[in-house]
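Remarks on the structure that follows.
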Amino acid sequence: MSSGKSRSETGSPQAPAANLWRHTLARIPTLFGRLVYLSSLFSQNGLYEHPALAQMFGDEQANETLRRSHARVFQDWLCLNLEQQKADLHEYLAGLPGNPPAALTNWLHLAPYLNLAPATAEEVERQLYMSDLEILLELLKRERGGVSQDQEA
């Protein structure tokens, strides 16, 4: 007799790692912050690396858990409407060290958001992400009165 839950929900070897990881990510208050964090765990060798998670569950399971999390967070971000994305991005930028106007100016010039999409993202998803970010950054810039005069020179 079935309990009504699939093996992927309860019996999957990834379940303990995924549950632990969801609790870890929940400590990051914004979706965009989670996206930044997860993308920072993707190494140049094409794998996700998190030593503590790997120590508990092994490299392969840690990589798979992080890969799935990155894809899920990216999808969750894309599912937000622009107003929700703007609020989330504003909260993320406000939480960065320094002052928010300087963080916004740095983001406009350095574009650190360019490499936050997971490797598994489809091209259309990447294009949507980029167009949303460009709109959001322009809106935030206008709210702040544009780029400071010394940045325009």
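Chain labels follow the order of the structure tokens: the first chain is A, the next B, and so on; residue numbering restarts at 1 in every chain, and ligands are counted from 1 in their shown order.
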| said: List as a PyMOL selection string the protein and nucleic acid residues near A:Leu104, meaning an atom at most 10 Å away when only C-alpha atoms are counted, but skip any in the same chain fewer than 4 places from it. | reply: chain A and resi 90+93-94+96+99-100+108-111+137-138+140-141+144+147
Report as a list in words all protein, DNA and RNA residues lying within 9 Å of stretch 34-42 of chain A, evaluated on only C-alpha atoms, omitting residues in the same chain fewer than 4 positions from it.
Leu25, Ala26, Ile28, Pro29, Thr30, Gly46, Leu47, Tyr48, Glu49, His50, Asn63, Leu66, Arg67, Ser69, His70, Val73, Phe74, Trp77, Tyr113, Asn115, Leu116, Ala117 and Pro118 of chain A
For A:Gln55, the closest of A:Gln84, A:Leu128, A:Ala71, A:Ala17 counting only C-alpha atoms is A:Ala17
Go ahead and compute the interatomic distance for atom CA of A:Leu89 and atom CA of A:Arg142, in Å to one decimal.
->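 Rounded to one decimal, the two atoms are 14.7 Å apart.
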What's around A:Ala52 at 10 Å? Count only C-alpha atoms, leave out sequence neighbours fewer than 6 positions away in its own chain, and write the answer as a compact mmCIF listing (two decimals) with N, CA and C atoms, in the first residue's frame.
# COMPACT_ATOMS: atom_id res chain seq x y z
N GLY A 58 28.83 13.80 0.29
CA GLY A 58 29.65 13.41 -0.85
C GLY A 58 29.61 14.47 -1.94
N ASP A 59 30.68 14.51 -2.73
CA ASP A 59 30.81 15.52 -3.78
C ASP A 59 29.68 15.45 -4.81
N ALA A 62 26.32 16.58 -3.31
CA ALA A 62 26.38 18.02 -3.05
C ALA A 62 26.24 18.80 -4.35
Run DSSP on the backbone and tell me which residues of chain A come out as helix (DSSP H, G or I); list them as an MDAnalysis selection string.
chainID A and resid 7:10 15:25 31:40 51:57 59:79 82:94 100:110 112:115 123:143 149:152
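The two atoms in question, atom CA of A:Ala18 and atom CA of A:Met130, are spaced 28.0 Å apart.
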Need to verify the contact set: A:Asn81, 12 Å, only C-alpha atoms, exclusion of same-chain residues closer than 4 positions in sequence. Can you return it as a PDB file with C-alpha atoms, in the first residue's frame?
ATOM      1  CA  ASP A  76      11.501  31.295  -8.860  1.00  0.00           C
ATOM      2  CA  TRP A  77      13.095  34.676  -9.680  1.00  0.00           C
ATOM      3  CA  GLN A  85      11.632  41.485  -8.649  1.00  0.00           C
ATOM      4  CA  LYS A  86      12.240  45.191  -8.041  1.00  0.00           C
ATOM      5  CA  ALA A  87      11.386  44.891  -4.339  1.00  0.00           C
ATOM      6  CA  ASP A  88      13.591  41.809  -3.995  1.00  0.00           C
ATOM      7  CA  LEU A 128      14.216  37.179 -19.954  1.00  0.00           C
ATOM      8  CA  TYR A 129      16.480  37.432 -16.912  1.00  0.00           C
ATOM      9  CA  ASP A 132      14.206  42.119 -16.515  1.00  0.00           C
ATOM     10  CA  LEU A 133      17.486  43.112 -14.824  1.00  0.00           C
ATOM     11  CA  LEU A 136      14.948  46.973 -12.926  1.00  0.00           C
TER      12      LEU A 136
END
Students should find that atom CA of A:Leu82 and atom CA of A:Pro112 are spaced 19.6 Å
